[in-house]
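Q: After the structure tokens below, expect a handful of questions from me.
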Amino acid sequence: MNSEAFWLTVRLATIVSFALVAIGIPVAYWVTYSRWRWKFLVEAAVALPLILPPTVLGFYVLVALGSRSPVGRWWESLTGHTLAFTFEGLVIGSLLYSLPFAVQPFAASFGAIDSKLLHASASLGHSPLQTFRRVVIPLSKAGLVTGFTLSFAHTLGEFGVVLMVGGNIPGVTRTISIDIYDRVQEAQYASANATALALLVISFVLLSVVYGVNRRAWVVGPWK
Amino acid sequence: MLSRLGFIFLFCASAFAQEITVAAASDMSAVLPEIVAAYSKKTEQAVKLSFGASGNLTNQIRNGAPFDVFFSADESFPQQLIDEGLASGSSLYRYAVGRLVLWVPNDSTLDLSKLGIKALLDPSVKKIAIANPTTAPYGRAAAGALRHFGIYDQISDKLVIGENISQAAQFVESGNAQAGLIALSHALSPAMKSKGRYWAVPLDAYPTLNQAAVVLSKSKQESAAQNFLEFVRGPEATSLLANYGFSPPEDKTPGARVK
């Protein structure tokens, strides 16, 4: 197994899933409690990466990060290099790619909380933010764990976007899925198998965590 | 009604039987559709094209991909298939020599004619696109040329690796890499011609890119495949190839030493 590619991918998935907790919670909060008439449009936009071909996402990310786009030029003037073919570029692509895998479980668990609890908290003098921190978040642990784990697992297996914006640089953008692809193309099946098997086992373990966490929450009620 | 349907089915079946499927190296992605258009106009033969890095296509063929003909950017891949009994040795021939060029977009300030390959050492060049050296012959040629000029170690951390030579070309064409070692056939293609300029890497700097074609053993339409190869050898196809910078091979016999 290519351990350099493996740890690179784990690093990418870790950064992306923590960042998605930070980004996903406010987005999910807004999606759950907003009464805005056009909210469904935001929900659709957030869910887009679920159904978009990774090549569509990869294509637009590549164009947006390139030195011909305002974003790309701004980044270049800031750091002296373009975002495409860098680890930071992969982080940005992965954030978009895995966004619904964090936001949707978060929003589902926020939405499942009995509104009586929220009203009770408010009547006891808590501000909405205090209620969110002391009532909503503790009652949504299963959803938060699910969102975190799914975005981690989804980023781990990302291929199309990385193939298009990564540039296959060892130690920088060569992730395990790219490494598996290269090994298969070179007909080195034993090496491809070692990595593929590791990915298979890890994905299974992660999904088991997701289902395990949710089963407990489901059977015994709110998980603490 | 039924007999009519039957007729349509028969017609479809025969139309399918005539179609040949061609796997071709990515450096042919602009010229081969033109060759096929000319051929189909003349013979009404339908030809389906599938492009990729020669090494990737070789591996697909090993795994049973249903191709009739294989155009490789390098002789070694079809030779491997022949050795493994997957391609017909007698059908192998060189149809052209591919050229590697250093390409920069129009907005680049590098003077390629003065600097040559040394342009890559310029600090304005942050990323250099090449094809994957293990699966793409142009990638192998690029790595070979960089070593030949003794600058590989100096620029190796700037390399970005395209899955095939078309992707390497796209990396530099889109401005995401500031320079690329790509196929002359891409530099001369309508999509890139007006967007940048190139410096042809001297032929002695890298292993000759002998473009070679072969009929695959699994093909059920060997004669149709042979006819197409015959056409690619002919004057019309040769002149189309020349438009894209493919020169005729010095020695058409496979395995023969060039120079």
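For the structure tokens, the naming scheme is as follows: chains receive sequential letters (A, B, ...) according to their order of presentation, residues are indexed from 1 within each chain, and ligands are indexed from 1 in presentation order.
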Counting only C-alpha atoms, which residues from chain B have an atom at most 8 Å from any atom of chain A, and could you show them as a PyMOL selection string?

A: chain B and resi 55-56+59-60+126+134-135+159-163+174-176

Q: Run DSSP on the backbone and grab whatever in stretch 1-223 of chain A lands in alpha helix (DSSP H); send it over as a CSV table (one decimal) with C-alpha atoms, in the first residue's frame.

A:
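And here is the file that came out, selection-v2.csv:
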```
chain,number,residue,atom,x,y,z
A,3,SER,CA,1.4,5.0,2.8
A,4,GLU,CA,2.2,8.4,1.5
A,5,ALA,CA,-1.0,8.6,-0.4
A,6,PHE,CA,-2.9,7.0,2.4
A,7,TRP,CA,-1.9,9.5,5.1
A,8,LEU,CA,-2.3,12.4,2.6
A,9,THR,CA,-5.9,11.3,2.1
A,10,VAL,CA,-6.5,10.8,5.8
A,11,ARG,CA,-5.2,14.3,6.4
A,12,LEU,CA,-7.4,15.7,3.6
A,13,ALA,CA,-10.5,13.9,5.0
A,14,THR,CA,-9.8,15.0,8.5
A,15,ILE,CA,-9.4,18.7,7.6
A,16,VAL,CA,-12.5,18.6,5.4
A,17,SER,CA,-14.8,16.9,7.9
A,18,PHE,CA,-13.8,19.2,10.7
A,19,ALA,CA,-14.3,22.2,8.5
A,20,LEU,CA,-17.7,20.8,7.4
A,21,VAL,CA,-18.8,20.6,11.0
A,22,ALA,CA,-18.0,24.3,11.3
A,23,ILE,CA,-19.6,25.3,8.1
A,24,GLY,CA,-22.4,22.7,8.2
A,25,ILE,CA,-23.9,23.5,11.6
A,26,PRO,CA,-24.8,27.1,10.8
A,27,VAL,CA,-26.1,26.1,7.3
A,28,ALA,CA,-28.1,23.2,8.7
A,29,TYR,CA,-29.5,25.5,11.5
A,30,TRP,CA,-30.6,28.0,9.0
A,31,VAL,CA,-32.1,25.3,6.7
A,32,THR,CA,-34.0,23.8,9.7
A,33,TYR,CA,-35.4,27.0,11.3
A,39,LYS,CA,-35.5,28.2,1.3
A,40,PHE,CA,-36.0,25.1,-0.9
A,41,LEU,CA,-33.7,26.7,-3.5
A,42,VAL,CA,-30.9,26.8,-0.9
A,43,GLU,CA,-31.7,23.2,0.1
A,44,ALA,CA,-31.5,22.1,-3.6
A,45,ALA,CA,-28.1,23.9,-4.0
A,46,VAL,CA,-26.7,22.3,-0.9
A,47,ALA,CA,-27.8,18.8,-2.1
A,48,LEU,CA,-26.4,19.3,-5.7
A,49,PRO,CA,-23.1,17.5,-5.1
A,50,LEU,CA,-25.1,14.3,-4.2
A,51,ILE,CA,-26.3,14.0,-7.8
A,54,PRO,CA,-17.8,14.8,-10.0
A,55,THR,CA,-16.5,15.8,-13.4
A,56,VAL,CA,-19.0,18.7,-13.4
A,57,LEU,CA,-17.8,19.8,-10.0
A,58,GLY,CA,-14.2,19.2,-11.0
A,59,PHE,CA,-14.6,21.2,-14.2
A,60,TYR,CA,-16.0,24.3,-12.5
A,61,VAL,CA,-13.6,24.1,-9.6
A,62,LEU,CA,-10.7,23.9,-12.1
A,63,VAL,CA,-12.0,26.9,-14.0
A,64,ALA,CA,-12.7,28.9,-10.8
A,65,LEU,CA,-9.3,28.2,-9.3
A,70,PRO,CA,-11.0,36.4,-10.4
A,71,VAL,CA,-10.8,33.9,-7.5
A,72,GLY,CA,-7.7,32.3,-8.9
A,73,ARG,CA,-6.0,35.6,-9.5
A,74,TRP,CA,-6.9,36.9,-6.0
A,75,TRP,CA,-5.4,33.7,-4.5
A,76,GLU,CA,-2.4,34.0,-6.7
A,77,SER,CA,-1.7,37.6,-5.7
A,78,LEU,CA,-2.1,36.5,-2.0
A,79,THR,CA,0.1,33.4,-2.0
A,87,PHE,CA,-3.5,20.5,-1.3
A,88,GLU,CA,-5.5,23.6,-0.5
A,89,GLY,CA,-7.3,23.3,-3.9
A,90,LEU,CA,-8.2,19.7,-3.0
A,91,VAL,CA,-9.6,20.9,0.3
A,92,ILE,CA,-11.8,23.5,-1.4
A,93,GLY,CA,-13.0,20.9,-4.0
A,94,SER,CA,-13.7,18.4,-1.2
A,95,LEU,CA,-15.6,20.9,0.9
A,96,LEU,CA,-18.1,21.4,-2.0
A,97,TYR,CA,-18.1,17.7,-2.8
A,98,SER,CA,-19.0,16.5,0.7
A,99,LEU,CA,-21.1,19.5,1.9
A,100,PRO,CA,-24.5,17.7,1.7
A,101,PHE,CA,-23.0,14.7,3.6
A,102,ALA,CA,-22.6,17.0,6.6
A,103,VAL,CA,-25.5,19.4,6.2
A,104,GLN,CA,-28.3,16.8,5.6
A,105,PRO,CA,-27.7,14.7,8.7
A,106,PHE,CA,-27.2,17.8,10.8
A,107,ALA,CA,-30.4,19.3,9.6
A,108,ALA,CA,-32.4,16.1,9.9
A,109,SER,CA,-31.3,15.8,13.6
A,110,PHE,CA,-32.0,19.4,14.4
A,111,GLY,CA,-35.5,19.1,12.8
A,115,SER,CA,-40.3,21.9,19.5
A,116,LYS,CA,-41.8,21.9,23.0
A,117,LEU,CA,-38.2,21.6,24.4
A,118,LEU,CA,-37.2,24.6,22.4
A,119,HIS,CA,-40.2,26.6,23.7
A,120,ALA,CA,-39.5,25.5,27.2
A,121,SER,CA,-35.9,26.6,26.9
A,122,ALA,CA,-37.0,30.0,25.5
A,123,SER,CA,-39.6,30.5,28.3
A,128,PRO,CA,-32.0,31.3,20.7
A,129,LEU,CA,-28.2,30.8,20.6
A,130,GLN,CA,-28.2,29.5,24.2
A,131,THR,CA,-31.0,27.1,23.4
A,137,ILE,CA,-26.6,20.4,20.0
A,138,PRO,CA,-26.7,17.9,22.9
A,139,LEU,CA,-29.8,16.3,21.4
A,141,LYS,CA,-25.1,14.2,18.8
A,142,ALA,CA,-26.0,11.2,16.6
A,143,GLY,CA,-26.7,13.5,13.7
A,144,LEU,CA,-23.4,15.4,14.2
A,145,VAL,CA,-21.4,12.1,14.4
A,146,THR,CA,-23.2,10.9,11.3
A,147,GLY,CA,-22.5,14.0,9.3
A,148,PHE,CA,-18.8,14.1,10.4
A,149,THR,CA,-18.3,10.4,9.6
A,150,LEU,CA,-20.1,10.5,6.3
A,151,SER,CA,-18.1,13.6,5.1
A,152,PHE,CA,-14.9,11.9,6.2
A,153,ALA,CA,-15.8,8.7,4.4
A,154,HIS,CA,-17.0,10.5,1.3
A,155,THR,CA,-13.8,12.6,1.0
A,156,LEU,CA,-11.7,9.5,1.5
A,160,GLY,CA,-13.4,12.5,-10.1
A,161,VAL,CA,-12.8,15.9,-8.6
A,162,VAL,CA,-9.3,15.0,-7.5
A,163,LEU,CA,-8.5,13.6,-11.0
A,164,MET,CA,-9.5,16.9,-12.6
A,165,VAL,CA,-8.0,19.5,-10.2
A,176,ILE,CA,-5.4,6.8,-2.5
A,177,SER,CA,-8.2,6.6,-5.0
A,178,ILE,CA,-5.9,8.1,-7.7
A,179,ASP,CA,-3.1,5.8,-6.5
A,180,ILE,CA,-5.4,2.8,-7.0
A,181,TYR,CA,-6.4,4.0,-10.4
A,182,ASP,CA,-2.7,4.4,-11.4
A,183,ARG,CA,-1.8,1.0,-10.1
A,184,VAL,CA,-4.7,-0.6,-12.0
A,185,GLN,CA,-3.6,1.2,-15.2
A,189,TYR,CA,-3.0,-5.5,-9.3
A,190,ALA,CA,-1.5,-6.7,-6.1
A,191,SER,CA,-0.5,-3.2,-5.1
A,192,ALA,CA,-3.9,-1.9,-6.2
A,193,ASN,CA,-5.6,-4.6,-4.2
A,194,ALA,CA,-3.7,-3.8,-1.0
A,195,THR,CA,-4.9,-0.2,-1.1
A,196,ALA,CA,-8.4,-0.9,-2.4
A,197,LEU,CA,-8.9,-3.5,0.4
A,198,ALA,CA,-7.8,-1.0,3.1
A,199,LEU,CA,-10.3,1.5,1.7
A,200,LEU,CA,-13.0,-1.1,1.6
A,201,VAL,CA,-12.4,-2.1,5.2
A,202,ILE,CA,-12.2,1.6,6.4
A,203,SER,CA,-15.4,2.5,4.6
A,204,PHE,CA,-17.2,-0.4,6.1
A,205,VAL,CA,-16.0,0.5,9.6
A,206,LEU,CA,-17.1,4.1,9.2
A,207,LEU,CA,-20.5,3.2,7.9
A,208,SER,CA,-20.9,0.7,10.8
A,209,VAL,CA,-20.2,3.6,13.1
A,210,VAL,CA,-22.9,5.7,11.4
A,211,TYR,CA,-25.5,3.0,11.6
A,212,GLY,CA,-24.5,2.0,15.1
A,213,VAL,CA,-24.8,5.5,16.4
A,214,ASN,CA,-28.1,6.0,14.8
A,215,ARG,CA,-29.5,2.7,15.9
A,216,ARG,CA,-28.8,3.6,19.5
A,217,ALA,CA,-30.4,7.0,19.2
A,218,TRP,CA,-33.4,5.4,17.6
A,219,VAL,CA,-34.0,2.6,20.1
A,220,VAL,CA,-33.2,4.3,23.4
```

Q: Which residues come within 9 Å of B:Val22, counting only C-alpha atoms, excluding same-chain residues fewer than 5 positions away, as a list in words?

A: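 The neighbour list is Val47, Lys48, Leu49, Ser50, Phe51, Phe67, Asp68, Val69, Phe70, Phe71 and Ala225 of chain B.
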
Q: Selection from above, N, CA and C atoms, as a PDB file, in the first residue's frame, can you write it?

A:
```
ATOM      1  N   VAL B  47     -16.803   4.084 -37.696  1.00  0.00           N
ATOM      2  CA  VAL B  47     -15.647   3.837 -36.829  1.00  0.00           C
ATOM      3  C   VAL B  47     -15.886   4.561 -35.504  1.00  0.00           C
ATOM      4  N   LYS B  48     -15.839   3.797 -34.433  1.00  0.00           N
ATOM      5  CA  LYS B  48     -15.994   4.399 -33.106  1.00  0.00           C
ATOM      6  C   LYS B  48     -14.617   4.617 -32.509  1.00  0.00           C
ATOM      7  N   LEU B  49     -14.422   5.775 -31.859  1.00  0.00           N
ATOM      8  CA  LEU B  49     -13.105   6.108 -31.325  1.00  0.00           C
ATOM      9  C   LEU B  49     -13.113   6.187 -29.807  1.00  0.00           C
ATOM     10  N   SER B  50     -12.051   5.699 -29.237  1.00  0.00           N
ATOM     11  CA  SER B  50     -11.900   5.751 -27.785  1.00  0.00           C
ATOM     12  C   SER B  50     -10.464   6.169 -27.482  1.00  0.00           C
ATOM     13  N   PHE B  51     -10.299   7.297 -26.775  1.00  0.00           N
ATOM     14  CA  PHE B  51      -8.953   7.818 -26.539  1.00  0.00           C
ATOM     15  C   PHE B  51      -8.489   7.608 -25.102  1.00  0.00           C
ATOM     16  N   PHE B  67     -11.969  -3.728 -28.470  1.00  0.00           N
ATOM     17  CA  PHE B  67     -11.440  -2.887 -29.547  1.00  0.00           C
ATOM     18  C   PHE B  67     -10.976  -3.755 -30.713  1.00  0.00           C
ATOM     19  N   ASP B  68     -11.062  -3.181 -31.922  1.00  0.00           N
ATOM     20  CA  ASP B  68     -10.571  -3.889 -33.103  1.00  0.00           C
ATOM     21  C   ASP B  68      -9.151  -3.470 -33.460  1.00  0.00           C
ATOM     22  N   VAL B  69      -8.889  -2.170 -33.283  1.00  0.00           N
ATOM     23  CA  VAL B  69      -7.585  -1.629 -33.673  1.00  0.00           C
ATOM     24  C   VAL B  69      -7.030  -0.808 -32.520  1.00  0.00           C
ATOM     25  N   PHE B  70      -5.711  -0.780 -32.393  1.00  0.00           N
ATOM     26  CA  PHE B  70      -5.077   0.007 -31.352  1.00  0.00           C
ATOM     27  C   PHE B  70      -4.001   0.886 -31.978  1.00  0.00           C
ATOM     28  N   PHE B  71      -4.148   2.208 -31.805  1.00  0.00           N
ATOM     29  CA  PHE B  71      -3.123   3.157 -32.224  1.00  0.00           C
ATOM     30  C   PHE B  71      -2.371   3.604 -30.970  1.00  0.00           C
ATOM     31  N   ALA B 225     -10.918  -3.935 -40.106  1.00  0.00           N
ATOM     32  CA  ALA B 225      -9.882  -3.254 -39.338  1.00  0.00           C
ATOM     33  C   ALA B 225      -8.628  -3.038 -40.203  1.00  0.00           C
TER      34      ALA B 225
END
```

Q: Could you check the closest approach to B:Val172 for each of B:Asn210, B:Ser108, B:Gln80, B:Thr43 and tell me which residue wins, using only C-alpha atoms?

A: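 Once distances to B:Val172 are computed over only C-alpha atoms, the minimum belongs to B:Ser108.
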
Q: Rank nothing, just name the residue among B:Ala145, B:Ile61, B:Val125, B:Ala131 nearest to B:Lys158, using only C-alpha atoms.

A: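 Residue with the minimum atom-to-atom distance to B:Lys158: B:Val125.
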
Q: When distances are computed from only C-alpha atoms, which of B:Ile128, B:Ala25, B:Leu203, B:Ala46 shows the smallest separation from B:Val104?

A: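 Distance minimum relative to B:Val104 lands on B:Ile128.
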
Q: Name the residues of stretch 24-184 of chain B that come out as strand (DSSP E) in a backbone DSSP run; write them as a PDB file with N, CA and C atoms, in the first residue's frame.

A:
```
ATOM      1  N   ALA B  24      -7.282   4.625 -29.334  1.00  0.00           N
ATOM      2  CA  ALA B  24      -6.173   5.426 -29.848  1.00  0.00           C
ATOM      3  C   ALA B  24      -5.534   6.280 -28.771  1.00  0.00           C
ATOM      4  N   ALA B  25      -4.224   6.453 -28.899  1.00  0.00           N
ATOM      5  CA  ALA B  25      -3.474   7.317 -27.994  1.00  0.00           C
ATOM      6  C   ALA B  25      -4.045   8.728 -28.044  1.00  0.00           C
ATOM      7  N   VAL B  47     -16.803   4.084 -37.696  1.00  0.00           N
ATOM      8  CA  VAL B  47     -15.647   3.837 -36.829  1.00  0.00           C
ATOM      9  C   VAL B  47     -15.886   4.561 -35.504  1.00  0.00           C
ATOM     10  N   LYS B  48     -15.839   3.797 -34.433  1.00  0.00           N
ATOM     11  CA  LYS B  48     -15.994   4.399 -33.106  1.00  0.00           C
ATOM     12  C   LYS B  48     -14.617   4.617 -32.509  1.00  0.00           C
ATOM     13  N   LEU B  49     -14.422   5.775 -31.859  1.00  0.00           N
ATOM     14  CA  LEU B  49     -13.105   6.108 -31.325  1.00  0.00           C
ATOM     15  C   LEU B  49     -13.113   6.187 -29.807  1.00  0.00           C
ATOM     16  N   SER B  50     -12.051   5.699 -29.237  1.00  0.00           N
ATOM     17  CA  SER B  50     -11.900   5.751 -27.785  1.00  0.00           C
ATOM     18  C   SER B  50     -10.464   6.169 -27.482  1.00  0.00           C
ATOM     19  N   PHE B  51     -10.299   7.297 -26.775  1.00  0.00           N
ATOM     20  CA  PHE B  51      -8.953   7.818 -26.539  1.00  0.00           C
ATOM     21  C   PHE B  51      -8.489   7.608 -25.102  1.00  0.00           C
ATOM     22  N   GLY B  52      -7.205   7.478 -24.943  1.00  0.00           N
ATOM     23  CA  GLY B  52      -6.636   7.356 -23.595  1.00  0.00           C
ATOM     24  C   GLY B  52      -5.127   7.286 -23.690  1.00  0.00           C
ATOM     25  N   VAL B  69      -8.889  -2.170 -33.283  1.00  0.00           N
ATOM     26  CA  VAL B  69      -7.585  -1.629 -33.673  1.00  0.00           C
ATOM     27  C   VAL B  69      -7.030  -0.808 -32.520  1.00  0.00           C
ATOM     28  N   PHE B  70      -5.711  -0.780 -32.393  1.00  0.00           N
ATOM     29  CA  PHE B  70      -5.077   0.007 -31.352  1.00  0.00           C
ATOM     30  C   PHE B  70      -4.001   0.886 -31.978  1.00  0.00           C
ATOM     31  N   PHE B  71      -4.148   2.208 -31.805  1.00  0.00           N
ATOM     32  CA  PHE B  71      -3.123   3.157 -32.224  1.00  0.00           C
ATOM     33  C   PHE B  71      -2.371   3.604 -30.970  1.00  0.00           C
ATOM     34  N   SER B  72      -1.108   3.241 -30.903  1.00  0.00           N
ATOM     35  CA  SER B  72      -0.328   3.568 -29.714  1.00  0.00           C
ATOM     36  C   SER B  72       0.668   4.674 -30.030  1.00  0.00           C
ATOM     37  N   TYR B  93       2.458  -1.883 -37.621  1.00  0.00           N
ATOM     38  CA  TYR B  93       3.317  -1.010 -38.425  1.00  0.00           C
ATOM     39  C   TYR B  93       3.352   0.384 -37.833  1.00  0.00           C
ATOM     40  N   ARG B  94       4.444   1.078 -38.151  1.00  0.00           N
ATOM     41  CA  ARG B  94       4.582   2.458 -37.691  1.00  0.00           C
ATOM     42  C   ARG B  94       3.889   3.363 -38.683  1.00  0.00           C
ATOM     43  N   TYR B  95       3.034   4.242 -38.173  1.00  0.00           N
ATOM     44  CA  TYR B  95       2.361   5.126 -39.118  1.00  0.00           C
ATOM     45  C   TYR B  95       2.868   6.563 -39.037  1.00  0.00           C
ATOM     46  N   ALA B  96       3.571   6.914 -37.996  1.00  0.00           N
ATOM     47  CA  ALA B  96       4.079   8.287 -37.884  1.00  0.00           C
ATOM     48  C   ALA B  96       5.067   8.387 -36.731  1.00  0.00           C
ATOM     49  N   VAL B  97       5.719   9.540 -36.655  1.00  0.00           N
ATOM     50  CA  VAL B  97       6.549   9.843 -35.500  1.00  0.00           C
ATOM     51  C   VAL B  97       5.937  11.051 -34.799  1.00  0.00           C
ATOM     52  N   GLY B  98       5.709  10.928 -33.506  1.00  0.00           N
ATOM     53  CA  GLY B  98       5.120  12.022 -32.727  1.00  0.00           C
ATOM     54  C   GLY B  98       6.195  12.949 -32.211  1.00  0.00           C
ATOM     55  N   LEU B 100       7.345  15.915 -29.329  1.00  0.00           N
ATOM     56  CA  LEU B 100       7.121  16.531 -28.024  1.00  0.00           C
ATOM     57  C   LEU B 100       7.463  18.012 -28.131  1.00  0.00           C
ATOM     58  N   VAL B 101       6.582  18.868 -27.599  1.00  0.00           N
ATOM     59  CA  VAL B 101       6.886  20.305 -27.628  1.00  0.00           C
ATOM     60  C   VAL B 101       6.710  20.912 -26.239  1.00  0.00           C
ATOM     61  N   LEU B 102       7.444  21.994 -26.026  1.00  0.00           N
ATOM     62  CA  LEU B 102       7.239  22.808 -24.819  1.00  0.00           C
ATOM     63  C   LEU B 102       6.264  23.905 -25.208  1.00  0.00           C
ATOM     64  N   TRP B 103       5.134  23.950 -24.515  1.00  0.00           N
ATOM     65  CA  TRP B 103       4.076  24.886 -24.894  1.00  0.00           C
ATOM     66  C   TRP B 103       3.813  25.881 -23.768  1.00  0.00           C
ATOM     67  N   VAL B 104       3.667  27.145 -24.120  1.00  0.00           N
ATOM     68  CA  VAL B 104       3.259  28.153 -23.123  1.00  0.00           C
ATOM     69  C   VAL B 104       2.099  28.963 -23.695  1.00  0.00           C
ATOM     70  N   PRO B 105       1.199  29.437 -22.834  1.00  0.00           N
ATOM     71  CA  PRO B 105       0.079  30.242 -23.325  1.00  0.00           C
ATOM     72  C   PRO B 105       0.556  31.608 -23.806  1.00  0.00           C
ATOM     73  N   ILE B 128       4.432  22.780 -14.131  1.00  0.00           N
ATOM     74  CA  ILE B 128       4.735  22.284 -15.472  1.00  0.00           C
ATOM     75  C   ILE B 128       3.919  21.017 -15.694  1.00  0.00           C
ATOM     76  N   ALA B 129       3.076  21.040 -16.723  1.00  0.00           N
ATOM     77  CA  ALA B 129       2.229  19.877 -16.971  1.00  0.00           C
ATOM     78  C   ALA B 129       2.942  18.874 -17.863  1.00  0.00           C
ATOM     79  N   ILE B 130       2.946  17.618 -17.431  1.00  0.00           N
ATOM     80  CA  ILE B 130       3.405  16.532 -18.296  1.00  0.00           C
ATOM     81  C   ILE B 130       2.395  15.388 -18.163  1.00  0.00           C
ATOM     82  N   ALA B 131       2.474  14.409 -19.065  1.00  0.00           N
ATOM     83  CA  ALA B 131       1.603  13.246 -18.936  1.00  0.00           C
ATOM     84  C   ALA B 131       2.267  12.244 -17.993  1.00  0.00           C
ATOM     85  N   LEU B 159       6.241  19.684 -11.252  1.00  0.00           N
ATOM     86  CA  LEU B 159       5.514  18.865 -12.230  1.00  0.00           C
ATOM     87  C   LEU B 159       4.100  18.553 -11.775  1.00  0.00           C
ATOM     88  N   VAL B 160       3.147  18.740 -12.650  1.00  0.00           N
ATOM     89  CA  VAL B 160       1.801  18.218 -12.424  1.00  0.00           C
ATOM     90  C   VAL B 160       1.531  17.200 -13.519  1.00  0.00           C
ATOM     91  N   ILE B 161       0.921  16.091 -13.116  1.00  0.00           N
ATOM     92  CA  ILE B 161       0.869  14.944 -13.997  1.00  0.00           C
ATOM     93  C   ILE B 161      -0.537  14.694 -14.511  1.00  0.00           C
ATOM     94  N   GLY B 162      -0.692  14.826 -15.818  1.00  0.00           N
ATOM     95  CA  GLY B 162      -1.980  14.543 -16.444  1.00  0.00           C
ATOM     96  C   GLY B 162      -2.152  13.042 -16.601  1.00  0.00           C
ATOM     97  N   ALA B 179       3.426  26.151 -18.034  1.00  0.00           N
ATOM     98  CA  ALA B 179       4.112  25.553 -19.177  1.00  0.00           C
ATOM     99  C   ALA B 179       3.784  24.073 -19.205  1.00  0.00           C
ATOM    100  N   GLY B 180       3.902  23.487 -20.377  1.00  0.00           N
ATOM    101  CA  GLY B 180       3.623  22.064 -20.464  1.00  0.00           C
ATOM    102  C   GLY B 180       4.465  21.398 -21.528  1.00  0.00           C
ATOM    103  N   LEU B 181       4.825  20.133 -21.275  1.00  0.00           N
ATOM    104  CA  LEU B 181       5.483  19.341 -22.311  1.00  0.00           C
ATOM    105  C   LEU B 181       4.408  18.454 -22.911  1.00  0.00           C
ATOM    106  N   ILE B 182       3.931  18.844 -24.086  1.00  0.00           N
ATOM    107  CA  ILE B 182       2.747  18.202 -24.660  1.00  0.00           C
ATOM    108  C   ILE B 182       3.038  17.737 -26.087  1.00  0.00           C
ATOM    109  N   ALA B 183       2.025  17.157 -26.712  1.00  0.00           N
ATOM    110  CA  ALA B 183       2.183  16.657 -28.073  1.00  0.00           C
ATOM    111  C   ALA B 183       2.072  17.813 -29.068  1.00  0.00           C
TER     112      ALA B 183
END
```
